[in-house]
Amino acid sequence: MESHQSKAVGTHAPERSFAQPGLTSKRGIILLCAVLAVGAILGGLVGPSRTDAAAADEAQSSTKTFTSVLATVEANYADPVDADKVIYDGAIPGMLHVLDPHSNFFDPQTYALFRENQEGKYYGVGMIVEPREKQTMVLAPFEGSPAAKAGIRPGDIILSVDNKDCTGLTTTQVANLLKGAKGTPVHVLLDREGWTEPIPVTLVRDEIPRPGVEFSEMVHPGVGYVHVTTFNETTDSDLADALKQLDYSKLDGLVVDLRENGGGLLNQAVGMADMFLDQNELVVSHHGRSSPDRRYYAMRGNHGIEVPLVFLVNRDSASASEIVSGAIQDHDRGLIVGETTFGKGLVQTQFQLSEDTALLLTTARYYTPSGRLIQRDYKNVTLWDYHNNPQRPKSPELKYTDSGRPVYGGGGITPDVAAPAPKATDFQTLLMARGVFFPTSQGVGDFVRYYLGTKPMVTKDFTADDAVLTQFQKFLDKQRVEYTQAEIQQNLPWLKWEIKREVFTTLFGLDAGYKVQLENDPQLEKAIASLPQAKALYANARKILAQKASGAGAERQ
C-alpha cells in the first residue's frame with residue numbers, strides 16, 4: 001500500500017455508478033484485505049489502545065470471516081453470484097458507509113474519472129454524454145472543445161464511433177471510445193432530429209481542460225462575477241486568471257458563485273481564500289485521532305485589495321465551498337448570500353491501494369477560523385436523508401466573527417443574507433419533469449431539439465416570439481403534455497427565458513447559454529444589491545480589529 005497522495009474535502013453527492021471492470025473475485029478479496037488493513041492501522045476497526053500487530057491480527061480475522069461467508073454464498077445462493085459485484089458494490093462500500101457518508105472506494109473506472117476531475121483535464125473530444133433508452137446522447141459539448149468546434153449539439157445521438165455500433169453500449173463504454181491520445185482522429189456518426197440522414201463527423205482528440213472556474217464576466221457596471229464549479233488542481237490558477245481578466249483591483253464589487261459546488265481539494269480551498277483574506281489570517285484548521293492537527297493560513301494575502309465581496313451559496317454548496325465561505329464569513333471579509341449550505345466538515349485522505357484503485361478515507365474534521373464544525377449529523381439518519389433531506393440542529397454551536405457577529409456550527413454555513421431559490425410553479429415542475437426543455441434519459445424529448453430540427457434561421461437576436469410559442473404548444477400537444485392557456489400566460493416570461501437559454505446553449509455554446517441564465521437570476525440580483533452592505537461590514541471589522549490591536553498595545557505599555 002502506498003502513502004496517501006492528496007487530501008480532499010470531497011463532494012457530498014453520491015458516487016455515480018459505472019459498469020464493473022470484470023476483475024476476478026480473488027483480486028477483489030485482495031483489495032478488500034487492503035481496505036481492512038488501512039482501516040485497522042488507522043484505528044477504524046479497533047480501539048485506540050491496540051498495537052499495530054493486534055490491528056493486523058484483527059484485520060486478518062475479519063478477512064477470514066468474510067472469505068468464509070463469500071464462499072458459502074457462492075456455493076449455496078439461489079442464483080449465480082457475481083463475486084466482483086458483491087465485493088465492489090456491497091462489501092467494501094457497506095463497510096465504509098458504516099463509518100460515515102463520505103469515505104469511498106474507487107474501482108478502476110471510478111478512480112480514473114476521479115483523477116480526471118482532480119487533475120482538471122483529460123484527452124478526448126470534450127463533451128458530456130448520458131444514456132437515452134439503449135443509446136448514448138450528447139448532453140453538452142464543452143466550450144472550445146473539438147466537439148463544440150465540429151458543431152455537435154446537445155441532444156445528438158451517437159450512433160457509432162470509428163465504425164463501432166454504439167447501440168446497447170453504456171455511456172462509459174462510449175466515452176472510453178471517444179477518449180484517446182492527443183492529435184489522433186476519431187470518426188463519429190450522429191443522429192439529429194430533423195435530419196433525414198446520419199451526420200458523419202471527424203474529430204481530432206485534444207487535451208480537454210475542465211477548469212474550476214467555468215465562467216466569469218461583468219454582470220453590472222463595476223461588478224464582476226465568477227462561477228467556481230469545483231475545487232480541482234487548477235482552481236487556484238483559474239481564479240487568478242479570471243480576476244486578472246476582470247481587472248479585479250479596480251472593481252466596485254465581486255460576486256463569487258459557489259452554488260452547486262460540491263467541493264474538492266483542500267489546498268485549492270485554502271488557495272482561493274488566500275486571495276481575499278489578509279496575510280496570516282487563519283483559513284481553516286483540521287484534526288483527527290490519527291491525523292496531526294494542522295492550521296492553514298493566508299500566505300500571500302490580498303495585498304490590501306478591499307473590493308467588496310459577496311459569495312453566493314445554496315444547499316448543494318459543500319465541503320471546500322464551505323471552507324472558503326466560512327473563512328470569508330468569520331473574518332467579515334464579505335457577505336454570504338443565498339441558502340444554508342450542505343454541512344460537510346470532514347476531510348478525506350486518498351490511499352492508493354493498487355495501480356488503479358484507491359480508498360478515500362475520512363481522517364479528520366475541519367473547523368472554520370471561529371472554531372465552527374459545520375458537519376451535519378449523519379449517525380441518526382439514513383444515507384438517503386443525509387444527502388437529500390438535510391436536518392439542521394435544534395441547538396447549533398454558537399461562535400463569533402472577528403467583529404463579534406454570531407455565527408453557528410453543526411449545520412452548514414448559514415447565509416448572512418437569505419436568498420432562497422425561486423419556487424417553481426406546478427406547471428414549471430411538470431415541464432421540467434417531462435424533459436421539455438432539457439435532453440434527459442427519461443424525458444419526452446426536448447422542445448428546442450424539435451424546434452431546431454425544423455432548421456429555422458437563428459441569430460443572437462433570437463427571442464421566443466409568438467411564432468415560436470405556437471410551435472411550442474403544438475409540441476406539447478404532440479407529446480401529450482396537458483396544459484391550459486391560463487398556465488401558458490401565467491408562465492410566459494419563464495417559458496420565453498427557458499427556450500432562449502436552451503437555443504443559445506445549443507447553437508452558440510455553454511457560455512452563451514449561461515449568460516442568458518444570469519438574465520433571470522434573483523439570487524444573483526440579491527447578491528449584487530448586497531455589495532454595499534458587504535463593503536460596510538468589512539470596513540467596520542477592520543476598524544474593530546484596529547481598536548483591539550491598539551488596546552492590546554496600550555496594555556503592554
# chains A, B, ... in the order shown; residues from 1 in each chain; ligands from 1
>>> residues_around(residues="Val223 of chain A", least_positions_apart="4", cutoff="7 Å", atoms="only C-alpha atoms", output="short mmCIF file (atom, residue, chain, number, x, y, z; two decimals) with C-alpha atoms, in the first residue's frame")
data_model
loop_
_atom_site.label_atom_id
_atom_site.label_comp_id
_atom_site.auth_asym_id
_atom_site.auth_seq_id
_atom_site.Cartn_x
_atom_site.Cartn_y
_atom_site.Cartn_z
CA MET A 218 -19.07 41.79 -15.74
CA VAL A 219 -22.71 41.41 -14.64
CA LEU A 251 -13.92 46.66 -9.37
CA ASP A 252 -16.65 48.17 -7.22
CA GLY A 253 -17.66 44.68 -6.16
CA LEU A 254 -17.20 40.97 -6.89
#
>>> residues_around(residues="segment 109-126 of chain A", least_positions_apart="4", cutoff="8 Å", atoms="only C-alpha atoms", output="VMD selection string")
chain A and resid 18 20 to 21 141 to 142 145 to 148 178 to 182 203 to 212 231 to 234 264 to 265 356 to 358
>>> atom_distance(atom1="atom CA of Tyr225 of chain A", atom2="atom CA of Val256 of chain A")
6.0 Å
>>> residues_around(residues="Gln279 of chain A", least_positions_apart="3", cutoff="10 Å", atoms="only C-alpha atoms", output="VMD selection string")
chain A and resid 274 to 276 282 297 to 304
>>> write_last_selection(atoms="N, CA and C atoms", output="PDB file, in the first residue's frame")
ATOM      1  N   ASP A 274      -7.061  32.528   0.319  1.00  0.00           N
ATOM      2  CA  ASP A 274      -5.828  33.318   0.417  1.00  0.00           C
ATOM      3  C   ASP A 274      -5.879  34.572  -0.444  1.00  0.00           C
ATOM      4  N   MET A 275      -6.603  34.521  -1.570  1.00  0.00           N
ATOM      5  CA  MET A 275      -6.663  35.668  -2.471  1.00  0.00           C
ATOM      6  C   MET A 275      -7.490  36.826  -1.902  1.00  0.00           C
ATOM      7  N   PHE A 276      -8.317  36.544  -0.905  1.00  0.00           N
ATOM      8  CA  PHE A 276      -9.234  37.563  -0.409  1.00  0.00           C
ATOM      9  C   PHE A 276      -8.958  37.998   1.031  1.00  0.00           C
ATOM     10  N   LEU A 282      -6.101  33.117   9.557  1.00  0.00           N
ATOM     11  CA  LEU A 282      -6.398  31.690   9.537  1.00  0.00           C
ATOM     12  C   LEU A 282      -7.509  31.396   8.529  1.00  0.00           C
ATOM     13  N   TYR A 297      -3.051  29.024   6.852  1.00  0.00           N
ATOM     14  CA  TYR A 297      -3.138  30.485   6.879  1.00  0.00           C
ATOM     15  C   TYR A 297      -3.038  31.067   5.475  1.00  0.00           C
ATOM     16  N   ALA A 298      -3.506  32.297   5.334  1.00  0.00           N
ATOM     17  CA  ALA A 298      -3.315  33.032   4.084  1.00  0.00           C
ATOM     18  C   ALA A 298      -1.847  33.436   4.006  1.00  0.00           C
ATOM     19  N   MET A 299      -1.119  32.847   3.077  1.00  0.00           N
ATOM     20  CA  MET A 299       0.316  33.082   2.993  1.00  0.00           C
ATOM     21  C   MET A 299       0.638  34.306   2.139  1.00  0.00           C
ATOM     22  N   ARG A 300      -0.114  34.498   1.057  1.00  0.00           N
ATOM     23  CA  ARG A 300       0.137  35.636   0.161  1.00  0.00           C
ATOM     24  C   ARG A 300      -0.695  36.835   0.577  1.00  0.00           C
ATOM     25  N   GLY A 301      -1.960  36.585   0.910  1.00  0.00           N
ATOM     26  CA  GLY A 301      -2.864  37.666   1.299  1.00  0.00           C
ATOM     27  C   GLY A 301      -3.393  38.437   0.106  1.00  0.00           C
ATOM     28  N   ASN A 302      -4.306  39.346   0.384  1.00  0.00           N
ATOM     29  CA  ASN A 302      -4.982  40.082  -0.694  1.00  0.00           C
ATOM     30  C   ASN A 302      -4.244  41.345  -1.130  1.00  0.00           C
ATOM     31  N   HIS A 303      -3.073  41.587  -0.562  1.00  0.00           N
ATOM     32  CA  HIS A 303      -2.235  42.734  -0.937  1.00  0.00           C
ATOM     33  C   HIS A 303      -2.993  44.062  -0.787  1.00  0.00           C
ATOM     34  N   GLY A 304      -3.834  44.119   0.223  1.00  0.00           N
ATOM     35  CA  GLY A 304      -4.536  45.363   0.504  1.00  0.00           C
ATOM     36  C   GLY A 304      -5.720  45.667  -0.385  1.00  0.00           C
TER      37      GLY A 304
END
>>> select_by_dssp(residues="segment 336-409 of chain A", states="strand (DSSP E)", output="ChimeraX atom specification")
/A:336-338,346-352,358-367,398-400,406-408
>>> write_last_selection(atoms="C-alpha atoms", output="compact mmCIF listing (two decimals), in the first residue's frame")
# COMPACT_ATOMS: atom_id res chain seq x y z
CA ILE A 336 -22.58 35.10 2.32
CA VAL A 337 -25.82 35.28 0.32
CA GLY A 338 -28.21 32.51 -0.64
CA LEU A 346 -14.97 16.00 7.08
CA VAL A 347 -11.56 15.65 5.43
CA GLN A 348 -10.72 12.59 3.33
CA THR A 349 -7.22 11.29 2.66
CA GLN A 350 -6.54 9.36 -0.54
CA PHE A 351 -4.82 5.99 -0.16
CA GLN A 352 -3.84 4.26 -3.39
CA ALA A 358 -7.97 3.85 -4.26
CA LEU A 359 -9.61 4.45 -0.91
CA LEU A 360 -10.86 7.88 0.12
CA LEU A 361 -11.00 7.66 3.91
CA THR A 362 -12.18 10.26 6.40
CA THR A 363 -9.20 11.06 8.62
CA ALA A 364 -10.08 14.41 10.19
CA ARG A 365 -12.70 17.09 10.79
CA TYR A 366 -12.15 20.69 9.77
CA TYR A 367 -13.03 23.87 11.64
CA LEU A 398 -22.51 29.45 18.75
CA LYS A 399 -19.31 31.21 17.71
CA TYR A 400 -18.41 34.81 16.79
CA PRO A 406 -22.80 35.47 15.99
CA VAL A 407 -22.36 32.51 13.63
CA TYR A 408 -23.41 28.91 14.08
>>> closest_atom_pairs(of="segment 382-471 of chain A", to="segment 479-489 of chain A", cutoff="12 Å", atoms="only C-alpha atoms", output="CSV")
residue,atom,partner,partner_atom,distance
A:Thr425,CA,A:Glu487,CA,9.6
A:Asp426,CA,A:Glu487,CA,9.4
A:Phe427,CA,A:Glu487,CA,6.8
A:Gln428,CA,A:Glu487,CA,9.3
A:Leu430,CA,A:Val481,CA,8.7
A:Leu431,CA,A:Val481,CA,8.1
A:Met432,CA,A:Val481,CA,11.4
A:Ala433,CA,A:Val481,CA,11.0
A:Arg434,CA,A:Val481,CA,8.2
A:Gly435,CA,A:Val481,CA,10.8
A:Val436,CA,A:Val481,CA,9.2
A:Gly443,CA,A:Gln479,CA,10.2
A:Val444,CA,A:Gln479,CA,6.6
A:Gly445,CA,A:Gln479,CA,8.2
A:Asp446,CA,A:Gln479,CA,9.9
A:Phe447,CA,A:Gln479,CA,9.8
A:Tyr450,CA,A:Gln479,CA,11.2
A:Asp466,CA,A:Gln489,CA,11.9
A:Leu469,CA,A:Ile488,CA,9.3
A:Thr470,CA,A:Ile488,CA,10.8
>>> atom_distance(atom1="atom CA of Val226 of chain A", atom2="atom CA of Ser285 of chain A")
26.0 Å
>>> residues_around(residues="Phe215 of chain A", least_positions_apart="6", cutoff="10 Å", atoms="only C-alpha atoms", output="number ranges by chain")
A: 225-229, 242, 257, 510-511, 514-515
>>> write_last_selection(atoms="all heavy atoms", output="PDB file, in the first residue's frame")
ATOM      1  N   TYR A 225     -18.258  38.979 -11.848  1.00  0.00           N
ATOM      2  CA  TYR A 225     -18.909  37.732 -11.430  1.00  0.00           C
ATOM      3  C   TYR A 225     -18.014  36.569 -11.842  1.00  0.00           C
ATOM      4  O   TYR A 225     -17.502  36.527 -12.963  1.00  0.00           O
ATOM      5  CB  TYR A 225     -20.273  37.614 -12.109  1.00  0.00           C
ATOM      6  CG  TYR A 225     -20.936  36.255 -11.980  1.00  0.00           C
ATOM      7  CD1 TYR A 225     -21.761  35.957 -10.907  1.00  0.00           C
ATOM      8  CD2 TYR A 225     -20.730  35.282 -12.953  1.00  0.00           C
ATOM      9  CE1 TYR A 225     -22.369  34.713 -10.799  1.00  0.00           C
ATOM     10  CE2 TYR A 225     -21.341  34.031 -12.854  1.00  0.00           C
ATOM     11  CZ  TYR A 225     -22.154  33.752 -11.778  1.00  0.00           C
ATOM     12  OH  TYR A 225     -22.752  32.519 -11.677  1.00  0.00           O
ATOM     13  N   VAL A 226     -17.835  35.620 -10.927  1.00  0.00           N
ATOM     14  CA  VAL A 226     -17.029  34.428 -11.190  1.00  0.00           C
ATOM     15  C   VAL A 226     -17.811  33.213 -10.718  1.00  0.00           C
ATOM     16  O   VAL A 226     -18.263  33.170  -9.573  1.00  0.00           O
ATOM     17  CB  VAL A 226     -15.674  34.480 -10.454  1.00  0.00           C
ATOM     18  CG1 VAL A 226     -14.889  33.207 -10.718  1.00  0.00           C
ATOM     19  CG2 VAL A 226     -14.868  35.696 -10.871  1.00  0.00           C
ATOM     20  N   HIS A 227     -17.968  32.234 -11.605  1.00  0.00           N
ATOM     21  CA  HIS A 227     -18.654  30.993 -11.254  1.00  0.00           C
ATOM     22  C   HIS A 227     -17.613  29.897 -11.054  1.00  0.00           C
ATOM     23  O   HIS A 227     -16.973  29.449 -12.004  1.00  0.00           O
ATOM     24  CB  HIS A 227     -19.628  30.603 -12.365  1.00  0.00           C
ATOM     25  CG  HIS A 227     -20.446  29.391 -12.035  1.00  0.00           C
ATOM     26  ND1 HIS A 227     -20.939  28.543 -12.996  1.00  0.00           N
ATOM     27  CD2 HIS A 227     -20.852  28.878 -10.843  1.00  0.00           C
ATOM     28  CE1 HIS A 227     -21.615  27.564 -12.410  1.00  0.00           C
ATOM     29  NE2 HIS A 227     -21.571  27.747 -11.111  1.00  0.00           N
ATOM     30  N   VAL A 228     -17.448  29.449  -9.810  1.00  0.00           N
ATOM     31  CA  VAL A 228     -16.486  28.404  -9.465  1.00  0.00           C
ATOM     32  C   VAL A 228     -17.257  27.096  -9.316  1.00  0.00           C
ATOM     33  O   VAL A 228     -18.077  26.961  -8.410  1.00  0.00           O
ATOM     34  CB  VAL A 228     -15.731  28.733  -8.165  1.00  0.00           C
ATOM     35  CG1 VAL A 228     -14.673  27.666  -7.874  1.00  0.00           C
ATOM     36  CG2 VAL A 228     -15.080  30.108  -8.260  1.00  0.00           C
ATOM     37  N   THR A 229     -16.988  26.126 -10.192  1.00  0.00           N
ATOM     38  CA  THR A 229     -17.805  24.912 -10.229  1.00  0.00           C
ATOM     39  C   THR A 229     -17.223  23.758  -9.427  1.00  0.00           C
ATOM     40  O   THR A 229     -17.957  22.860  -9.019  1.00  0.00           O
ATOM     41  CB  THR A 229     -18.006  24.448 -11.676  1.00  0.00           C
ATOM     42  OG1 THR A 229     -16.718  24.315 -12.298  1.00  0.00           O
ATOM     43  CG2 THR A 229     -18.827  25.463 -12.456  1.00  0.00           C
ATOM     44  N   ALA A 242      -9.119  34.564 -13.930  1.00  0.00           N
ATOM     45  CA  ALA A 242     -10.413  35.236 -14.067  1.00  0.00           C
ATOM     46  C   ALA A 242     -10.389  36.612 -13.413  1.00  0.00           C
ATOM     47  O   ALA A 242     -10.908  37.598 -13.959  1.00  0.00           O
ATOM     48  CB  ALA A 242     -11.519  34.378 -13.443  1.00  0.00           C
ATOM     49  N   ASP A 257     -19.662  32.879  -7.203  1.00  0.00           N
ATOM     50  CA  ASP A 257     -20.787  31.945  -7.186  1.00  0.00           C
ATOM     51  C   ASP A 257     -20.287  30.532  -6.882  1.00  0.00           C
ATOM     52  O   ASP A 257     -19.590  29.920  -7.687  1.00  0.00           O
ATOM     53  CB  ASP A 257     -21.493  31.981  -8.540  1.00  0.00           C
ATOM     54  CG  ASP A 257     -22.842  31.274  -8.526  1.00  0.00           C
ATOM     55  OD1 ASP A 257     -23.128  30.547  -7.553  1.00  0.00           O
ATOM     56  OD2 ASP A 257     -23.621  31.462  -9.497  1.00  0.00           O
ATOM     57  N   LEU A 510     -21.957  26.818 -24.326  1.00  0.00           N
ATOM     58  CA  LEU A 510     -22.318  26.871 -22.912  1.00  0.00           C
ATOM     59  C   LEU A 510     -22.239  28.278 -22.339  1.00  0.00           C
ATOM     60  O   LEU A 510     -23.090  28.682 -21.545  1.00  0.00           O
ATOM     61  CB  LEU A 510     -21.405  25.935 -22.111  1.00  0.00           C
ATOM     62  CG  LEU A 510     -21.628  24.431 -22.297  1.00  0.00           C
ATOM     63  CD1 LEU A 510     -20.543  23.641 -21.593  1.00  0.00           C
ATOM     64  CD2 LEU A 510     -22.992  24.032 -21.758  1.00  0.00           C
ATOM     65  N   ASP A 511     -21.211  29.040 -22.712  1.00  0.00           N
ATOM     66  CA  ASP A 511     -21.074  30.396 -22.174  1.00  0.00           C
ATOM     67  C   ASP A 511     -22.249  31.276 -22.590  1.00  0.00           C
ATOM     68  O   ASP A 511     -22.764  32.062 -21.783  1.00  0.00           O
ATOM     69  CB  ASP A 511     -19.761  31.028 -22.642  1.00  0.00           C
ATOM     70  CG  ASP A 511     -18.566  30.521 -21.852  1.00  0.00           C
ATOM     71  OD1 ASP A 511     -18.769  29.686 -20.947  1.00  0.00           O
ATOM     72  OD2 ASP A 511     -17.436  30.939 -22.146  1.00  0.00           O
ATOM     73  N   TYR A 514     -25.156  30.356 -20.586  1.00  0.00           N
ATOM     74  CA  TYR A 514     -25.009  30.786 -19.191  1.00  0.00           C
ATOM     75  C   TYR A 514     -25.307  32.274 -19.037  1.00  0.00           C
ATOM     76  O   TYR A 514     -25.893  32.702 -18.036  1.00  0.00           O
ATOM     77  CB  TYR A 514     -23.602  30.465 -18.700  1.00  0.00           C
ATOM     78  CG  TYR A 514     -23.529  30.385 -17.198  1.00  0.00           C
ATOM     79  CD1 TYR A 514     -24.029  29.277 -16.524  1.00  0.00           C
ATOM     80  CD2 TYR A 514     -22.991  31.420 -16.452  1.00  0.00           C
ATOM     81  CE1 TYR A 514     -23.990  29.210 -15.144  1.00  0.00           C
ATOM     82  CE2 TYR A 514     -22.945  31.358 -15.072  1.00  0.00           C
ATOM     83  CZ  TYR A 514     -23.435  30.253 -14.426  1.00  0.00           C
ATOM     84  OH  TYR A 514     -23.403  30.193 -13.055  1.00  0.00           O
ATOM     85  N   LYS A 515     -24.933  33.076 -20.017  1.00  0.00           N
ATOM     86  CA  LYS A 515     -25.257  34.498 -19.968  1.00  0.00           C
ATOM     87  C   LYS A 515     -26.760  34.722 -19.948  1.00  0.00           C
ATOM     88  O   LYS A 515     -27.267  35.582 -19.218  1.00  0.00           O
ATOM     89  CB  LYS A 515     -24.630  35.226 -21.162  1.00  0.00           C
ATOM     90  CG  LYS A 515     -23.119  35.364 -21.088  1.00  0.00           C
ATOM     91  CD  LYS A 515     -22.584  36.125 -22.298  1.00  0.00           C
ATOM     92  CE  LYS A 515     -21.062  36.245 -22.234  1.00  0.00           C
ATOM     93  NZ  LYS A 515     -20.515  36.990 -23.412  1.00  0.00           N
TER      94      LYS A 515
END
>>> closest_residue(among="A:Cys166, A:Val138, A:Ala91, A:Leu266", to="Pro154 of chain A", atoms="only C-alpha atoms")
A:Val138
>>> select_by_dssp(residues="segment 165-357 of chain A", states="alpha helix (DSSP H)", output="PyMOL selection string")
chain A and resi 171-178+235-245+266-274+320-330
>>> closest_residue(among="A:Ile157, A:Val255, A:Val213, A:Ile323", to="Asp241 of chain A", atoms="only C-alpha atoms")
A:Val213
>>> closest_residue(among="A:Arg333, A:Arg542, A:Lys496, A:Arg259", to="Val307 of chain A", atoms="only C-alpha atoms")
A:Arg333
>>> atom_distance(atom1="atom CA of Val174 of chain A", atom2="atom CA of Ala140 of chain A")
14.9 Å
